[in-house]
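Peer 1: Just so it is clear, I am handing over start00.cif, which has mmCIF, C-alpha atoms and all ligand atoms.
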data_model
#
loop_
_atom_site.label_atom_id
_atom_site.label_comp_id
_atom_site.auth_asym_id
_atom_site.auth_seq_id
_atom_site.Cartn_x
_atom_site.Cartn_y
_atom_site.Cartn_z
CA MET A 1 0.00 0.00 0.00
CA VAL A 2 1.33 3.43 -0.99
CA ASP A 3 1.70 5.63 2.09
CA ARG A 4 -0.05 8.70 0.70
CA PRO A 5 -3.71 8.45 -0.40
CA ILE A 6 -5.22 9.63 -3.65
CA PHE A 7 -7.51 12.56 -2.85
CA ILE A 8 -10.91 12.31 -4.55
CA LEU A 9 -12.65 15.67 -4.16
CA ASN A 10 -16.23 16.44 -5.13
CA GLY A 11 -17.78 19.90 -5.35
CA ALA A 12 -21.20 21.45 -5.41
CA ASN A 13 -24.34 19.30 -5.48
CA LEU A 14 -22.49 16.02 -5.86
CA ASP A 15 -23.92 15.01 -2.48
CA LEU A 16 -27.22 14.66 -4.38
CA VAL A 17 -26.12 12.14 -7.01
CA GLY A 18 -28.24 9.02 -7.05
CA THR A 19 -31.44 11.05 -6.81
CA ARG A 20 -30.53 14.24 -8.76
CA GLU A 21 -31.21 14.05 -12.53
CA PRO A 22 -30.30 10.35 -12.90
CA GLY A 23 -30.45 10.77 -16.70
CA HIS A 24 -27.29 12.90 -16.41
CA TYR A 25 -25.63 11.63 -13.24
CA GLY A 26 -26.71 7.98 -12.97
CA ASP A 27 -28.37 6.21 -10.08
CA MET A 28 -25.31 5.47 -7.94
CA THR A 29 -25.13 7.55 -4.77
CA LEU A 30 -21.91 9.30 -3.79
CA ALA A 31 -21.43 6.60 -1.14
CA ASP A 32 -21.71 3.95 -3.91
CA ILE A 33 -19.14 5.86 -5.98
CA GLU A 34 -16.84 6.10 -2.95
CA ARG A 35 -17.06 2.32 -2.45
CA ALA A 36 -16.22 1.66 -6.10
CA CYS A 37 -13.29 4.12 -5.90
CA ARG A 38 -11.96 2.51 -2.72
CA ALA A 39 -12.07 -0.96 -4.29
CA ARG A 40 -10.32 0.21 -7.49
CA ALA A 41 -7.64 2.16 -5.59
CA ASP A 42 -7.09 -0.74 -3.20
CA GLY A 43 -6.48 -3.03 -6.20
CA LEU A 44 -3.78 -0.59 -7.34
CA GLY A 45 -2.18 -0.37 -3.90
CA PHE A 46 -3.55 3.05 -2.95
CA GLY A 47 -5.78 4.32 -0.19
CA ILE A 48 -8.20 7.16 -0.88
CA ASP A 49 -9.40 10.26 0.91
CA PHE A 50 -12.88 10.86 -0.55
CA ARG A 51 -14.66 14.12 0.25
CA GLN A 52 -17.53 16.33 -0.91
CA THR A 53 -18.30 19.97 -0.19
CA ASN A 54 -20.74 22.55 -1.46
CA SER A 55 -18.31 25.34 -0.55
CA GLU A 56 -15.88 26.72 -3.13
CA GLY A 57 -13.49 27.97 -0.43
CA GLU A 58 -13.39 24.60 1.30
CA LEU A 59 -12.61 22.93 -2.03
CA VAL A 60 -9.74 25.38 -2.59
CA GLY A 61 -8.36 24.50 0.87
CA TRP A 62 -8.59 20.77 0.12
CA ILE A 63 -6.75 21.24 -3.19
CA HIS A 64 -3.96 22.94 -1.20
CA GLU A 65 -4.00 19.94 1.17
CA ALA A 66 -3.66 17.59 -1.83
CA GLU A 67 0.00 18.67 -2.03
CA GLY A 68 0.50 15.97 0.63
CA ALA A 69 -1.44 13.34 -1.37
CA ALA A 70 -0.23 10.87 -3.98
CA GLY A 71 -2.44 12.65 -6.50
CA LEU A 72 -5.86 14.17 -7.03
CA VAL A 73 -9.10 13.19 -8.78
CA LEU A 74 -11.42 16.21 -8.93
CA ASN A 75 -15.05 16.63 -9.86
CA ALA A 76 -15.60 20.28 -9.01
CA GLY A 77 -19.26 20.15 -10.08
CA ALA A 78 -20.52 23.53 -11.29
CA TYR A 79 -17.36 25.27 -9.97
CA THR A 80 -15.66 23.68 -12.98
CA HIS A 81 -17.35 26.27 -15.15
CA THR A 82 -17.03 29.29 -12.88
CA SER A 83 -14.08 29.14 -10.50
CA ILE A 84 -10.83 30.98 -11.16
CA ALA A 85 -9.97 30.29 -7.49
CA ILE A 86 -10.04 26.53 -8.15
CA HIS A 87 -8.08 27.06 -11.39
CA ASP A 88 -5.38 28.94 -9.45
CA ALA A 89 -5.26 26.32 -6.65
CA LEU A 90 -4.75 23.57 -9.26
CA ARG A 91 -2.12 25.63 -11.04
CA ALA A 92 -0.16 25.74 -7.75
CA LEU A 93 -0.54 21.98 -7.11
CA THR A 94 2.50 19.90 -8.04
CA ARG A 95 0.88 16.44 -7.56
CA PRO A 96 -0.70 14.73 -10.62
CA SER A 97 -4.36 15.59 -10.98
CA VAL A 98 -7.20 14.38 -13.21
CA GLU A 99 -10.58 16.02 -13.81
CA VAL A 100 -13.68 13.83 -13.89
CA HIS A 101 -17.35 14.43 -14.66
CA LEU A 102 -20.15 11.90 -14.52
CA SER A 103 -21.98 13.46 -17.46
CA ASN A 104 -20.66 14.44 -20.88
CA ILE A 105 -20.37 18.17 -20.30
CA PHE A 106 -19.79 18.76 -24.03
CA ALA A 107 -23.14 17.20 -24.94
CA ARG A 108 -25.01 19.51 -22.55
CA GLU A 109 -25.75 23.25 -22.27
CA PRO A 110 -23.10 25.57 -23.78
CA PHE A 111 -22.25 27.03 -20.33
CA ARG A 112 -20.92 23.57 -19.35
CA HIS A 113 -18.56 23.36 -22.34
CA HIS A 114 -15.87 25.51 -20.74
CA SER A 115 -13.81 24.11 -17.85
CA TYR A 116 -11.49 26.27 -15.73
CA VAL A 117 -10.10 22.96 -14.43
CA ALA A 118 -9.11 21.32 -17.75
CA PRO A 119 -6.07 23.50 -18.59
CA VAL A 120 -4.44 22.92 -15.17
CA VAL A 121 -4.82 19.12 -14.77
CA ARG A 122 -3.00 16.30 -16.53
CA GLY A 123 -6.18 15.01 -18.19
CA SER A 124 -9.96 15.00 -18.17
CA ILE A 125 -12.57 12.23 -18.28
CA CYS A 126 -16.26 12.89 -18.79
CA GLY A 127 -19.46 11.15 -19.81
CA LEU A 128 -18.62 7.70 -18.47
CA GLY A 129 -20.56 7.92 -15.22
CA ALA A 130 -19.02 6.48 -12.05
CA LYS A 131 -16.64 4.40 -14.18
CA GLY A 132 -14.91 7.70 -14.99
CA TYR A 133 -13.79 7.99 -11.36
CA GLU A 134 -12.21 4.52 -11.52
CA LEU A 135 -10.45 5.43 -14.79
CA ALA A 136 -9.20 8.67 -13.23
CA ILE A 137 -7.78 6.68 -10.28
CA GLU A 138 -6.00 4.38 -12.75
CA ALA A 139 -4.57 7.43 -14.52
CA VAL A 140 -3.32 9.00 -11.28
CA ALA A 141 -1.82 5.66 -10.19
CA ALA A 142 -0.01 5.39 -13.54
CA LEU A 143 1.29 8.97 -13.25
CA VAL A 144 2.56 8.31 -9.72
CA GLY A 145 4.20 5.07 -10.94
CA ALA A 146 5.88 6.91 -13.83
CA GLU A 147 7.11 9.58 -11.41
CA ARG A 148 8.66 6.91 -9.17
CA ALA A 149 10.32 5.18 -12.13
CA GLY A 150 12.02 8.56 -12.73
C1 LIG A 201 -21.48 17.79 -12.12
C2 LIG A 201 -22.16 18.95 -11.94
O1 LIG A 201 -22.71 19.22 -10.77
C3 LIG A 201 -22.36 19.92 -13.02
O2 LIG A 201 -22.44 21.24 -12.56
C4 LIG A 201 -21.30 19.81 -14.09
C5 LIG A 201 -20.71 17.50 -13.35
C6 LIG A 201 -21.12 18.36 -14.53
C7 LIG A 201 -20.71 16.02 -13.65
O3 LIG A 201 -21.13 15.60 -14.73
O4 LIG A 201 -20.27 15.22 -12.81
O5 LIG A 201 -21.66 20.62 -15.18
#
Could you quickly redo this structure as structure tokens?

Peer 2:
Amino acid sequence: MVDRPIFILNGANLDLVGTREPGHYGDMTLADIERACRARADGLGFGIDFRQTNSEGELVGWIHEAEGAAGLVLNAGAYTHTSIAIHDALRALTRPSVEVHLSNIFAREPFRHHSYVAPVVRGSICGLGAKGYELAIEAVAALVGAERAG
């Protein structure tokens, strides 16, 4: 088991997944997604620190904290499309980070097509539902492995 966990941070309204617009976000609850993430990370030798907040400032603070993590998986929810503060926090982060969205933000309203997160993470995954979180964990694990291999 790797000593430092992968942070998996969720922003606004993601506490409501499972009941909120299942056509976009699926029917898994955030607790279900956390379980799937834990199992996938465990299989790769990582622990996880899985959190959700509706507060932009709290999310910024957690991204700062992720400097002590193995890496970061981030679904910032609607802050993806609005938050320069989250963009700047990610720009300062030196750990590998991957953006994830349950829904395909490019197949939805035009205001969801722009991400302040995308330019300051290593990669983005969207439209694959909860599976996207597992794929993001795999990506972070691979980036950490590559880092270790030098
Ligand atoms: C979640 C949200 O809450 C939206 O504001 C984003 C994202 C999309 C998701 O698909 O996980 O636009």

Peer 1: Considering all atoms listed in the file, state which residue in the set A:Glu109, A:Glu34, A:Asp42, A:Glu147 is at the smallest distance from ligand LIG 201 (chain A).

Peer 2: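 Going through A:Glu109, A:Glu34, A:Asp42, A:Glu147 one by one, the smallest distance to ligand LIG 201 (chain A) is for A:Glu109.
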
Peer 1: What does the distance between CA of Thr53 (chain A) and CA of Ala107 (chain A) come to in Å, to one decimal place?

Peer 2: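 Taking CA of Thr53 (chain A) as the start and CA of Ala107 (chain A) as the end point, the length is 25.4 Å.
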
Peer 1: One decimal, in Å: what's the spacing between CA of Val117 (chain A) and CA of Glu99 (chain A)?

Peer 2: 7.0 Å

Peer 1: Excluding same-chain residues fewer than 2 positions from Glu134 (chain A), what lies within 9 Å of it counting all atoms listed in the file, as a ChimeraX atom specification?

Peer 2: /A:33,36-37,40-41,130-132,136-139

Peer 1: Which residues, written as a PDB file with C-alpha atoms, in the coordinates of the input, have at least one atom at most 7 Å from Asp49 (chain A), with only C-alpha atoms counted and residues fewer than 3 positions away on the same chain left out?

Peer 2:
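Once everything was written out, this is out.pdb:
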ATOM      1  CA  PRO A   5      -3.710   8.450  -0.400  1.00  0.00           C
ATOM      2  CA  ILE A   6      -5.220   9.630  -3.650  1.00  0.00           C
ATOM      3  CA  PHE A   7      -7.510  12.560  -2.850  1.00  0.00           C
ATOM      4  CA  ILE A   8     -10.910  12.310  -4.550  1.00  0.00           C
TER       5      ILE A   8
END

Peer 1: Up to 9 Å from (-18.3, 19.5, -18.1) in the file's coordinates: name the residues, counting all atoms listed in the file, as JSON, numbers by chain.

Peer 2: {"A": [77, 78, 80, 81, 100, 101, 102, 103, 104, 105, 106, 107, 108, 111, 112, 113, 114, 115, 126, 127]}

Peer 1: Measuring between all atoms listed in the file, which one of A:Thr19, A:Thr82, A:Asn75, A:Thr29 shows the shortest distance to ligand LIG 201 (chain A)?

Peer 2: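 Selected residue with least distance to ligand LIG 201 (chain A): A:Asn75.
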
Peer 1: Between A:Ile48, A:Ala76, A:Leu135, A:Ala69, which is the closest to ligand LIG 201 (chain A) once you count all atoms listed in the file?

Peer 2: A:Ala76

Peer 1: Which one is closest to Asp32 (chain A): A:Val17, A:Val144, A:Ile63, A:Leu44? Count only C-alpha atoms.

Peer 2: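 Ranking A:Val17, A:Val144, A:Ile63, A:Leu44 by distance to Asp32 (chain A), first place goes to A:Val17.
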
Peer 1: Contacts of Val120 (chain A) at 7 Å or less, counting all atoms listed in the file, minus same-chain residues fewer than 5 places along, as a PyMOL selection string?

Peer 2: chain A and resi 87+90-91

Peer 1: Using all atoms of ligand LIG 201 (chain A) listed in the file and a margin of 6 Å per side, can you give the axis-aligned box centre and edge lengths in Å to one decimal, as AutoDock Vina command-line options?

Peer 2:
--center_x -21.5 --center_y 18.2 --center_z -13.0 --size_x 14.4 --size_y 18.0 --size_z 16.4

Peer 1: Smallest atom-to-atom distance to Ala70 (chain A): which of A:Ala89, A:Ala146, A:Ala12, A:Ala141, using only C-alpha atoms?

Peer 2: A:Ala141

Peer 1: Generate the missing atoms of region 39-74 of chain A up to N, CA and C atoms and report them as a compact mmCIF listing (two decimals), in the frame of the given file.

Peer 2:
# COMPACT_ATOMS: atom_id res chain seq x y z
N ALA A 39 -12.42 0.39 -3.81
CA ALA A 39 -12.07 -0.96 -4.29
C ALA A 39 -11.04 -0.86 -5.41
N ARG A 40 -11.26 0.08 -6.35
CA ARG A 40 -10.32 0.21 -7.49
C ARG A 40 -8.94 0.65 -7.00
N ALA A 41 -8.92 1.65 -6.10
CA ALA A 41 -7.64 2.16 -5.59
C ALA A 41 -6.92 1.07 -4.79
N ASP A 42 -7.68 0.33 -4.01
CA ASP A 42 -7.09 -0.74 -3.20
C ASP A 42 -6.39 -1.75 -4.12
N GLY A 43 -7.06 -2.09 -5.23
CA GLY A 43 -6.48 -3.03 -6.20
C GLY A 43 -5.17 -2.51 -6.80
N LEU A 44 -5.00 -1.19 -6.78
CA LEU A 44 -3.78 -0.59 -7.34
C LEU A 44 -2.76 -0.25 -6.24
N GLY A 45 -3.11 -0.60 -4.99
CA GLY A 45 -2.18 -0.37 -3.90
C GLY A 45 -2.26 1.02 -3.28
N PHE A 46 -3.37 1.71 -3.51
CA PHE A 46 -3.55 3.05 -2.95
C PHE A 46 -4.73 3.11 -1.99
N GLY A 47 -4.62 3.93 -0.98
CA GLY A 47 -5.78 4.32 -0.19
C GLY A 47 -6.40 5.55 -0.83
N ILE A 48 -7.59 5.92 -0.37
CA ILE A 48 -8.20 7.16 -0.88
C ILE A 48 -8.68 8.03 0.28
N ASP A 49 -8.76 9.31 0.00
CA ASP A 49 -9.40 10.26 0.91
C ASP A 49 -10.50 10.91 0.08
N PHE A 50 -11.75 10.50 0.30
CA PHE A 50 -12.88 10.86 -0.55
C PHE A 50 -13.75 11.88 0.18
N ARG A 51 -13.94 13.04 -0.43
CA ARG A 51 -14.66 14.12 0.25
C ARG A 51 -15.60 14.84 -0.71
N GLN A 52 -16.61 15.48 -0.13
CA GLN A 52 -17.53 16.33 -0.91
C GLN A 52 -17.82 17.60 -0.13
N THR A 53 -17.89 18.72 -0.82
CA THR A 53 -18.30 19.97 -0.19
C THR A 53 -19.12 20.79 -1.16
N ASN A 54 -20.01 21.61 -0.62
CA ASN A 54 -20.74 22.55 -1.46
C ASN A 54 -20.08 23.93 -1.45
N SER A 55 -18.97 24.04 -0.72
CA SER A 55 -18.31 25.34 -0.55
C SER A 55 -17.06 25.46 -1.43
N GLU A 56 -17.03 26.49 -2.23
CA GLU A 56 -15.88 26.72 -3.13
C GLU A 56 -14.59 26.91 -2.33
N GLY A 57 -14.69 27.69 -1.24
CA GLY A 57 -13.49 27.97 -0.43
C GLY A 57 -12.94 26.71 0.22
N GLU A 58 -13.84 25.85 0.68
CA GLU A 58 -13.39 24.60 1.30
C GLU A 58 -12.68 23.72 0.26
N LEU A 59 -13.23 23.71 -0.95
CA LEU A 59 -12.61 22.93 -2.03
C LEU A 59 -11.21 23.47 -2.34
N VAL A 60 -11.06 24.78 -2.36
CA VAL A 60 -9.74 25.38 -2.59
C VAL A 60 -8.77 24.92 -1.50
N GLY A 61 -9.22 24.94 -0.25
CA GLY A 61 -8.36 24.50 0.87
C GLY A 61 -7.96 23.04 0.73
N TRP A 62 -8.90 22.20 0.30
CA TRP A 62 -8.59 20.77 0.12
C TRP A 62 -7.61 20.55 -1.03
N ILE A 63 -7.71 21.37 -2.07
CA ILE A 63 -6.75 21.24 -3.19
C ILE A 63 -5.35 21.61 -2.68
N HIS A 64 -5.25 22.63 -1.82
CA HIS A 64 -3.96 22.94 -1.20
C HIS A 64 -3.45 21.74 -0.42
N GLU A 65 -4.37 21.10 0.34
CA GLU A 65 -4.00 19.94 1.17
C GLU A 65 -3.52 18.77 0.31
N ALA A 66 -4.02 18.71 -0.93
CA ALA A 66 -3.66 17.59 -1.83
C ALA A 66 -2.17 17.60 -2.19
N GLU A 67 -1.46 18.66 -1.83
CA GLU A 67 0.00 18.67 -2.03
C GLU A 67 0.65 17.52 -1.24
N GLY A 68 -0.01 17.09 -0.18
CA GLY A 68 0.50 15.97 0.63
C GLY A 68 -0.05 14.62 0.19
N ALA A 69 -0.82 14.59 -0.89
CA ALA A 69 -1.44 13.34 -1.37
C ALA A 69 -0.59 12.73 -2.48
N ALA A 70 -0.91 11.48 -2.84
CA ALA A 70 -0.23 10.87 -3.98
C ALA A 70 -0.65 11.60 -5.26
N GLY A 71 -1.91 11.96 -5.34
CA GLY A 71 -2.44 12.65 -6.50
C GLY A 71 -3.88 13.03 -6.23
N LEU A 72 -4.52 13.62 -7.22
CA LEU A 72 -5.86 14.17 -7.03
C LEU A 72 -6.78 13.79 -8.19
N VAL A 73 -7.99 13.33 -7.83
CA VAL A 73 -9.10 13.19 -8.78
C VAL A 73 -10.12 14.24 -8.36
N LEU A 74 -10.54 15.09 -9.29
CA LEU A 74 -11.42 16.21 -8.93
C LEU A 74 -12.64 16.28 -9.82
